[in-house]
file data.cif (mmCIF, C-alpha atoms)
data_target
loop_
_atom_site.label_atom_id
_atom_site.label_comp_id
_atom_site.auth_asym_id
_atom_site.auth_seq_id
_atom_site.Cartn_x
_atom_site.Cartn_y
_atom_site.Cartn_z
CA MET A 1 95.69 119.57 109.39
CA VAL A 2 96.44 121.48 106.20
CA GLN A 3 93.84 121.72 103.48
CA GLU A 4 93.51 118.59 101.36
CA ARG A 5 93.54 118.73 97.58
CA VAL A 6 90.85 116.78 95.82
CA LEU A 7 92.60 113.84 94.19
CA PRO A 8 91.96 113.69 90.43
CA LYS A 9 89.62 110.85 89.52
CA PHE A 10 90.96 108.07 87.35
CA PRO A 11 88.94 105.17 85.87
CA THR A 12 91.23 102.47 87.23
CA PRO A 13 88.79 99.55 86.64
CA THR A 14 88.67 100.37 82.91
CA ILE A 15 92.43 100.21 82.39
CA LYS A 16 93.60 97.10 80.59
CA ILE A 17 96.80 95.51 81.85
CA THR A 18 97.98 91.95 81.54
CA HIS A 19 98.57 89.46 84.33
CA ASP A 20 102.35 89.79 83.90
CA GLU A 21 102.25 93.59 83.84
CA GLY A 22 100.23 93.61 87.04
CA LEU A 23 102.69 91.35 88.82
CA ILE A 24 105.65 93.46 87.69
CA LEU A 25 104.06 96.61 89.12
CA TYR A 26 103.06 94.89 92.35
CA GLU A 27 106.47 93.30 92.88
CA ASP A 28 108.28 96.58 92.32
CA MET A 29 106.13 98.40 94.88
CA VAL A 30 106.47 95.61 97.43
CA LEU A 31 110.24 95.61 96.89
CA GLY A 32 110.37 99.33 97.60
CA ARG A 33 108.28 99.07 100.76
CA ALA A 34 110.09 96.04 102.16
CA PHE A 35 113.48 97.57 101.42
CA GLU A 36 112.63 100.78 103.24
CA ASP A 37 111.22 98.92 106.24
CA LYS A 38 114.46 96.95 106.48
CA CYS A 39 116.44 100.20 106.20
CA ALA A 40 114.60 101.55 109.24
CA GLU A 41 115.46 98.39 111.18
CA MET A 42 119.12 98.51 110.17
CA TYR A 43 119.38 102.24 110.94
CA TYR A 44 118.05 101.83 114.46
CA ARG A 45 120.38 98.86 114.97
CA GLY A 46 123.33 101.09 114.13
CA LYS A 47 124.18 99.55 110.77
CA MET A 48 123.60 102.78 108.84
CA PHE A 49 124.74 106.29 109.64
CA GLY A 50 123.97 109.85 108.61
CA PHE A 51 120.62 110.94 107.23
CA VAL A 52 118.31 108.29 105.80
CA HIS A 53 115.10 109.41 104.09
CA LEU A 54 112.52 106.70 103.45
CA TYR A 55 109.92 106.48 100.68
CA ASN A 56 107.11 104.52 102.34
CA GLY A 57 103.76 105.52 100.84
CA GLN A 58 105.12 106.97 97.60
CA GLU A 59 105.84 103.67 95.82
CA ALA A 60 103.16 104.12 93.15
CA VAL A 61 105.01 107.18 91.81
CA SER A 62 108.38 105.49 91.38
CA THR A 63 106.88 102.30 89.97
CA GLY A 64 104.35 104.03 87.74
CA ILE A 65 106.98 106.27 86.14
CA ALA A 66 109.99 103.94 85.98
CA LYS A 67 108.12 100.88 84.71
CA ALA A 68 106.65 102.94 81.87
CA MET A 69 110.17 103.78 80.68
CA ARG A 70 112.73 101.77 78.77
CA PRO A 71 115.75 100.31 80.58
CA ASP A 72 118.03 102.64 78.58
CA ASP A 73 116.14 105.78 79.61
CA PHE A 74 117.52 107.97 82.41
CA ILE A 75 116.32 108.53 85.97
CA CYS A 76 117.42 111.37 88.26
CA SER A 77 116.51 111.31 91.93
CA THR A 78 116.71 113.31 95.16
CA TYR A 79 117.94 112.48 98.66
CA ARG A 80 114.91 110.11 98.95
CA ASP A 81 116.39 107.86 96.29
CA HIS A 82 116.47 104.22 97.41
CA VAL A 83 113.23 103.19 95.73
CA HIS A 84 113.94 105.16 92.55
CA ALA A 85 117.18 103.17 92.29
CA LEU A 86 115.37 99.87 92.78
CA SER A 87 112.72 100.77 90.19
CA ALA A 88 115.52 101.68 87.78
CA GLY A 89 116.86 98.15 88.14
CA VAL A 90 119.75 98.64 90.55
CA PRO A 91 119.99 95.35 92.51
CA ALA A 92 118.80 95.54 96.11
CA ARG A 93 122.09 94.13 97.37
CA GLN A 94 124.03 96.98 95.73
CA VAL A 95 121.73 99.60 97.21
CA MET A 96 121.86 98.02 100.67
CA ALA A 97 125.65 97.70 100.53
CA GLU A 98 125.87 101.39 99.65
CA LEU A 99 123.78 102.27 102.69
CA PHE A 100 126.18 100.18 104.78
CA GLY A 101 129.10 102.15 103.27
CA LYS A 102 130.62 99.09 101.62
CA GLU A 103 132.88 98.78 98.58
CA THR A 104 130.26 96.65 96.80
CA GLY A 105 127.68 99.44 96.95
CA CYS A 106 126.46 101.06 93.73
CA SER A 107 128.56 104.16 94.59
CA LYS A 108 131.44 102.10 96.01
CA GLY A 109 130.44 103.06 99.55
CA ARG A 110 131.29 106.71 98.89
CA GLY A 111 127.77 108.04 98.41
CA GLY A 112 125.58 106.58 101.11
CA SER A 113 121.84 107.03 101.33
CA MET A 114 121.54 110.34 99.49
CA HIS A 115 124.02 109.78 96.65
CA LEU A 116 123.12 106.56 94.86
CA PHE A 117 124.47 106.30 91.33
CA SER A 118 124.66 103.58 88.70
CA SER A 119 125.87 104.25 85.17
CA GLU A 120 124.93 100.68 84.25
CA HIS A 121 121.28 101.38 85.03
CA ASN A 122 121.24 105.02 83.84
CA LEU A 123 120.55 106.22 87.38
CA ILE A 124 122.28 109.58 87.21
CA GLY A 125 122.26 110.23 90.91
CA GLY A 126 120.59 110.98 94.16
CA PHE A 127 121.20 114.59 95.20
CA ALA A 128 121.27 115.94 98.74
CA PHE A 129 120.54 119.60 98.01
CA VAL A 130 116.93 120.48 97.25
CA ALA A 131 116.39 120.89 93.46
CA GLU A 132 120.05 120.03 92.78
CA GLY A 133 119.17 117.21 90.40
CA ILE A 134 116.85 119.29 88.18
CA PRO A 135 119.60 121.02 86.14
CA VAL A 136 121.58 117.76 85.94
CA ALA A 137 118.55 115.92 84.53
CA THR A 138 117.90 118.81 82.13
CA GLY A 139 121.47 118.48 80.88
CA VAL A 140 121.04 114.74 80.35
CA ALA A 141 117.88 115.37 78.35
CA PHE A 142 119.73 117.98 76.30
CA GLN A 143 122.51 115.55 75.38
CA SER A 144 119.92 113.01 74.22
CA ARG A 145 118.38 115.54 71.85
CA TYR A 146 121.77 116.90 70.76
CA ARG A 147 123.07 113.44 69.90
CA ARG A 148 120.00 112.74 67.82
CA GLU A 149 119.56 116.06 66.00
CA ALA A 150 123.06 117.54 65.84
CA MET A 151 125.11 114.35 65.62
CA GLY A 152 122.65 112.26 63.63
CA ASP A 153 122.38 109.42 66.16
CA GLU A 154 118.90 108.05 65.44
CA ALA A 155 119.18 105.65 68.40
CA SER A 156 119.40 108.57 70.83
CA ASP A 157 115.70 108.85 71.58
CA HIS A 158 116.08 108.44 75.33
CA VAL A 159 113.75 110.07 77.84
CA THR A 160 114.80 111.39 81.26
CA ALA A 161 112.60 111.31 84.35
CA CYS A 162 113.54 113.87 87.00
CA PHE A 163 112.02 113.29 90.45
CA PHE A 164 111.84 116.01 93.11
CA GLY A 165 109.60 117.14 95.94
CA ASP A 166 107.09 119.94 96.32
CA GLY A 167 109.65 122.06 98.18
CA ALA A 168 111.93 122.08 95.13
CA SER A 169 109.19 123.63 93.00
CA ASN A 170 109.84 126.96 94.74
CA ASN A 171 113.56 126.96 93.94
CA GLY A 172 115.14 128.91 91.11
CA GLN A 173 116.52 125.86 89.32
CA PHE A 174 112.98 124.58 88.83
CA PHE A 175 111.86 127.65 86.88
CA GLU A 176 115.07 128.06 84.90
CA CYS A 177 115.13 124.44 83.81
CA LEU A 178 111.45 124.32 82.88
CA ASN A 179 112.06 127.35 80.70
CA MET A 180 115.05 125.78 78.96
CA ALA A 181 113.37 122.41 78.56
CA SER A 182 110.35 124.00 76.95
CA LEU A 183 112.39 126.25 74.64
CA TRP A 184 114.47 123.33 73.40
CA LYS A 185 111.67 120.73 73.54
CA LEU A 186 113.78 118.43 75.65
CA PRO A 187 112.67 114.81 76.21
CA ILE A 188 112.17 115.04 79.97
CA LEU A 189 109.50 114.36 82.57
CA PHE A 190 109.62 116.70 85.57
CA VAL A 191 107.98 114.59 88.28
CA VAL A 192 106.93 116.49 91.40
CA GLU A 193 106.25 114.12 94.27
CA ASN A 194 103.99 116.40 96.27
CA ASN A 195 103.84 114.70 99.66
CA LYS A 196 102.51 117.91 101.26
CA TRP A 197 105.50 118.57 103.50
CA ALA A 198 108.97 119.98 102.79
CA ILE A 199 110.64 118.64 105.94
CA GLY A 200 108.32 120.40 108.42
CA MET A 201 106.92 123.11 106.16
CA ALA A 202 103.40 122.51 104.85
CA HIS A 203 103.24 123.05 101.10
CA GLU A 204 100.26 125.40 101.42
CA ARG A 205 102.34 127.77 103.55
CA ALA A 206 105.31 127.87 101.19
CA SER A 207 103.91 128.34 97.71
CA SER A 208 101.75 131.12 96.27
CA GLU A 209 100.44 128.61 93.69
CA THR A 210 99.81 125.34 95.48
CA GLU A 211 98.75 123.44 92.36
CA ILE A 212 102.24 122.92 91.00
CA TYR A 213 101.25 121.38 87.68
CA LYS A 214 99.66 124.69 86.68
CA LYS A 215 103.10 126.32 86.66
CA ALA A 216 103.80 124.45 83.42
CA LYS A 217 101.41 126.71 81.51
CA VAL A 218 103.70 129.71 81.99
CA PHE A 219 106.35 127.93 79.92
CA GLY A 220 103.99 126.59 77.26
CA MET A 221 104.50 123.13 78.67
CA GLU A 222 102.10 120.25 79.25
CA GLY A 223 101.18 120.04 82.95
CA VAL A 224 99.13 117.32 84.59
CA GLU A 225 98.18 116.27 88.11
CA VAL A 226 97.70 112.66 89.08
CA ASP A 227 96.73 110.57 92.10
CA GLY A 228 100.16 109.49 93.28
CA MET A 229 98.63 106.71 95.38
CA ASP A 230 97.31 104.92 92.26
CA VAL A 231 100.04 103.16 90.29
CA LEU A 232 97.85 102.71 87.22
CA ALA A 233 96.97 106.39 87.12
CA VAL A 234 100.64 107.35 87.37
CA ARG A 235 101.56 104.79 84.71
CA GLU A 236 98.92 106.12 82.32
CA VAL A 237 100.12 109.71 82.70
CA ALA A 238 103.75 108.60 82.36
CA GLN A 239 103.11 106.63 79.18
CA ALA A 240 101.49 109.65 77.51
CA ALA A 241 104.29 112.00 78.62
CA ILE A 242 107.01 109.56 77.49
CA ALA A 243 105.37 109.17 74.09
CA ARG A 244 105.29 112.95 73.65
CA ALA A 245 108.91 113.31 74.72
CA ARG A 246 110.14 110.54 72.45
CA ALA A 247 108.24 112.03 69.52
CA GLY A 248 110.07 115.34 69.96
CA GLU A 249 107.09 117.18 71.43
CA GLY A 250 108.92 118.33 74.54
CA PRO A 251 108.69 118.01 78.32
CA THR A 252 105.84 117.39 80.74
CA LEU A 253 105.40 118.56 84.32
CA ILE A 254 103.70 115.81 86.33
CA GLU A 255 102.46 116.59 89.83
CA ALA A 256 101.85 113.34 91.73
CA LEU A 257 99.79 113.89 94.87
CA THR A 258 101.21 111.45 97.38
CA TYR A 259 102.22 111.10 101.04
CA ARG A 260 105.14 109.73 103.02
CA PHE A 261 104.10 107.41 105.83
CA ARG A 262 107.23 108.09 107.90
CA GLY A 263 108.89 111.32 109.00
CA HIS A 264 111.09 113.41 106.76
CA SER A 265 114.07 111.28 107.78
CA LEU A 266 114.65 108.58 110.37
CA ALA A 267 115.94 111.33 112.68
CA ASP A 268 112.60 113.17 112.44
CA PRO A 269 110.18 112.63 115.37
CA ASP A 270 107.35 113.55 112.95
CA GLU A 271 105.40 115.61 115.47
CA LEU A 272 104.17 118.36 113.12
CA ARG A 273 101.73 116.30 111.05
CA SER A 274 98.40 115.53 112.67
CA ALA A 275 97.27 111.99 113.47
CA ALA A 276 94.09 112.59 111.46
CA GLU A 277 96.06 113.55 108.36
CA LYS A 278 98.29 110.50 108.65
CA GLU A 279 95.35 108.14 109.09
CA GLU A 280 93.54 109.61 106.10
CA TRP A 281 96.50 108.97 103.83
CA LEU A 282 97.37 105.58 105.32
CA ALA A 283 93.91 104.43 104.23
CA ARG A 284 95.02 105.15 100.63
CA ASP A 285 98.06 102.84 100.80
CA PRO A 286 99.03 102.29 97.13
CA ILE A 287 100.13 98.69 97.66
CA THR A 288 96.96 97.63 99.47
CA LYS A 289 94.91 99.42 96.84
CA PHE A 290 96.65 97.76 93.91
CA LYS A 291 96.59 94.33 95.54
CA SER A 292 92.81 94.56 95.89
CA TYR A 293 92.54 95.69 92.26
CA LEU A 294 94.54 92.72 90.96
CA VAL A 295 92.45 90.22 92.92
CA ASN A 296 89.09 91.85 92.18
CA GLN A 297 89.84 92.10 88.46
CA LYS A 298 90.99 88.46 88.48
CA LEU A 299 94.41 89.50 87.19
CA ALA A 300 96.17 87.64 89.99
CA LYS A 301 95.36 85.15 92.69
CA GLU A 302 95.91 85.91 96.34
CA GLN A 303 98.51 83.15 96.61
CA GLU A 304 100.54 84.61 93.73
CA LEU A 305 100.80 87.90 95.56
CA LEU A 306 101.69 86.18 98.83
CA ASP A 307 104.42 84.30 96.98
CA ILE A 308 105.80 87.62 95.71
CA ASP A 309 105.75 89.03 99.26
CA LYS A 310 107.73 86.02 100.47
CA LYS A 311 110.16 86.21 97.55
CA ILE A 312 110.86 89.88 98.28
CA GLN A 313 111.45 89.26 101.97
CA THR A 314 114.01 86.59 101.09
CA LEU A 315 115.69 88.96 98.62
CA ILE A 316 115.89 91.72 101.25
CA GLU A 317 117.41 89.39 103.84
CA GLU A 318 119.99 88.27 101.27
CA ALA A 319 120.76 91.92 100.51
CA VAL A 320 121.46 92.60 104.19
CA GLN A 321 123.69 89.54 104.44
CA PHE A 322 125.55 90.63 101.30
CA ALA A 323 126.04 94.12 102.73
CA GLU A 324 127.25 92.86 106.10
CA GLU A 325 129.74 90.47 104.51
CA SER A 326 131.06 92.98 101.95
CA PRO A 327 134.43 94.69 102.53
CA ASP A 328 134.80 98.27 103.69
CA PRO A 329 136.53 100.70 101.33
CA LYS A 330 140.30 100.71 101.84
CA PRO A 331 141.81 103.86 103.41
CA GLU A 332 144.46 103.94 100.71
CA ASP A 333 141.67 104.25 98.11
CA LEU A 334 140.44 107.53 99.57
CA TYR A 335 141.19 109.43 96.35
CA ARG A 336 139.82 106.81 93.95
CA TYR A 337 136.68 107.41 91.85
CA ILE A 338 137.17 111.18 91.87
CA PHE A 339 137.89 111.28 88.13
CA VAL A 340 136.11 109.42 85.36
CA ASP A 341 139.15 107.26 84.55
CA ASP A 342 138.65 105.43 87.85
#
call {"tool": "encode", "arguments": {"input": "data.cif", "output": "structure tokens"}}
result
Amino acid sequence: MVQERVLPKFPTPTIKITHDEGLILYEDMVLGRAFEDKCAEMYYRGKMFGFVHLYNGQEAVSTGIAKAMRPDDFICSTYRDHVHALSAGVPARQVMAELFGKETGCSKGRGGSMHLFSSEHNLIGGFAFVAEGIPVATGVAFQSRYRREAMGDEASDHVTACFFGDGASNNGQFFECLNMASLWKLPILFVVENNKWAIGMAHERASSETEIYKKAKVFGMEGVEVDGMDVLAVREVAQAAIARARAGEGPTLIEALTYRFRGHSLADPDELRSAAEKEEWLARDPITKFKSYLVNQKLAKEQELLDIDKKIQTLIEEAVQFAEESPDPKPEDLYRYIFVDD
């Protein structure tokens, strides 16, 4: 079992959220978890092919960041992108259909699990190569600032959230893009989802500076660590970073300490992580934790949350039915959607 970081303390009980805000956060996390569980079922039943990387356990990061943003802001993901897409507002049926390789998928069945994209929802992609999305997200943030300052478009105050894992923080793109973003004060959140393992490599064995958020200081950038199993803590950090970005004060590096409850992918037997480590993190389940918070703070009744659980299960089953009944891409359309005109 690799050495555990001490999770930063956050005064969750003192945070003021409304009943409706609490239900939005809870529903989004439950949607992510239920969707991924159904993906595992469909994969093992032979409905999905290729690599499928699930997000179970990390839901507080996606929800906490995405639900603090505006619908017209931008989100850039990795190969573990299903839940980021859902949090960005991409309908579950479109994501499921994409995983089934169907024409009705958000990438027209051409992208699959690792390459979700939706221009309508400003989801600028899932990327299969480690750190591949970081320069793309940096470019998106640059165009937002350029439109506003060079072209005089006052409405272009969009913020970009770029998600990536701890393994990507050792890649060259990470350092180059942090440098550029800081120099140009780009409106971007670099969100490191540190789930402790880059496939089978423990983070502590791969990085000379294991506290990733401290790398921001080198570039004169704001860096912050947060308990990635606490949706309110993530949301609080995100709101502050978004406000800075939108005010023209530049980027923030957010290191969310989290954990994936399943293996690296559904093809991973997950034999490298110890049972003790898994149990320790399972006890911090972000959904269970937030559900208890809502009930204890009298922000929601148990039955309300059960109704949401039931609603989400129905939505997921409908998404599967939609995917199964959707048409396959036509062979004669092999060369469609290569250029923007399509």
call {"tool": "closest_residue", "arguments": {"input": "data.cif", "among": "A:Cys76, A:Leu99, A:Leu116, A:Ile15", "to": "Gly46 in chain A", "atoms": "all atoms listed in the file"}}
result
A:Leu99
call {"tool": "closest_residue", "arguments": {"input": "data.cif", "among": "A:Val140, A:Ile188, A:Val61, A:Leu294", "to": "Ala243 in chain A", "atoms": "all atoms listed in the file"}}
result
A:Ile188
call {"tool": "residues_near_point", "arguments": {"input": "data.cif", "point": "(100.1, 103.3, 105.7)", "cutoff": "10 Å", "atoms": "only C-alpha atoms", "output": "list in words"}}
result
Asn56, Gly57, Tyr259, Arg260, Phe261, Arg262, Lys278, Glu279, Glu280, Trp281, Leu282, Ala283, Arg284, Asp285, Pro286, Ile287 and Thr288 of chain A
call {"tool": "resolve_selection", "arguments": {"input": "data.cif", "expression": "the PyMOL selection byres ((chain A and resi 225-230) around 7)", "output": "ChimeraX atom specification"}}
result
/A:7-8,58,60-61,213,224,231-234,254-258,284-286
call {"tool": "closest_residue", "arguments": {"input": "data.cif", "among": "A:Trp184, A:Tyr55, A:Tyr79, A:Tyr44", "to": "Leu31 in chain A", "atoms": "all atoms listed in the file"}}
result
A:Tyr55
call {"tool": "resolve_selection", "arguments": {"input": "data.cif", "expression": "the PyMOL selection byres ((chain A and resi 186) around 7)", "output": "number ranges by chain"}}
result
A: 141-142, 145, 181-182, 184-185, 187-188, 250-251
call {"tool": "closest_residue", "arguments": {"input": "data.cif", "among": "A:Pro327, A:Gly263, A:Glu4, A:Ser208", "to": "Glu277 in chain A", "atoms": "only C-alpha atoms"}}
result
A:Glu4
call {"tool": "build_atoms", "arguments": {"input": "data.cif", "residues": "range 163-174 of chain A", "atoms": "N, CA and C atoms", "output": "mmCIF file, in the coordinates of the input"}}
result
data_model
loop_
_atom_site.group_PDB
_atom_site.id
_atom_site.type_symbol
_atom_site.label_atom_id
_atom_site.label_comp_id
_atom_site.auth_asym_id
_atom_site.auth_seq_id
_atom_site.Cartn_x
_atom_site.Cartn_y
_atom_site.Cartn_z
ATOM 1 N N PHE A 163 112.871 113.286 89.266
ATOM 2 C CA PHE A 163 112.020 113.290 90.450
ATOM 3 C C PHE A 163 112.475 114.373 91.431
ATOM 4 N N PHE A 164 111.527 115.064 92.041
ATOM 5 C CA PHE A 164 111.840 116.010 93.110
ATOM 6 C C PHE A 164 110.571 116.279 93.909
ATOM 7 N N GLY A 165 110.735 116.919 95.052
ATOM 8 C CA GLY A 165 109.600 117.140 95.940
ATOM 9 C C GLY A 165 108.939 118.494 95.739
ATOM 10 N N ASP A 166 107.833 118.696 96.447
ATOM 11 C CA ASP A 166 107.090 119.940 96.320
ATOM 12 C C ASP A 166 107.924 121.146 96.755
ATOM 13 N N GLY A 167 108.815 120.955 97.732
ATOM 14 C CA GLY A 167 109.650 122.060 98.180
ATOM 15 C C GLY A 167 110.556 122.583 97.082
ATOM 16 N N ALA A 168 111.031 121.677 96.212
ATOM 17 C CA ALA A 168 111.930 122.080 95.130
ATOM 18 C C ALA A 168 111.247 122.936 94.086
ATOM 19 N N SER A 169 109.913 122.868 94.034
ATOM 20 C CA SER A 169 109.190 123.630 93.000
ATOM 21 C C SER A 169 109.172 125.129 93.290
ATOM 22 N N ASN A 170 109.720 125.535 94.423
ATOM 23 C CA ASN A 170 109.840 126.960 94.740
ATOM 24 C C ASN A 170 111.272 127.464 94.555
ATOM 25 N N ASN A 171 112.166 126.589 94.126
ATOM 26 C CA ASN A 171 113.560 126.960 93.940
ATOM 27 C C ASN A 171 113.817 127.491 92.529
ATOM 28 N N GLY A 172 114.841 128.298 92.393
ATOM 29 C CA GLY A 172 115.140 128.910 91.110
ATOM 30 C C GLY A 172 115.452 127.930 90.002
ATOM 31 N N GLN A 173 116.166 126.835 90.349
ATOM 32 C CA GLN A 173 116.520 125.860 89.320
ATOM 33 C C GLN A 173 115.288 125.310 88.613
ATOM 34 N N PHE A 174 114.226 125.126 89.381
ATOM 35 C CA PHE A 174 112.980 124.580 88.830
ATOM 36 C C PHE A 174 112.490 125.451 87.675
#
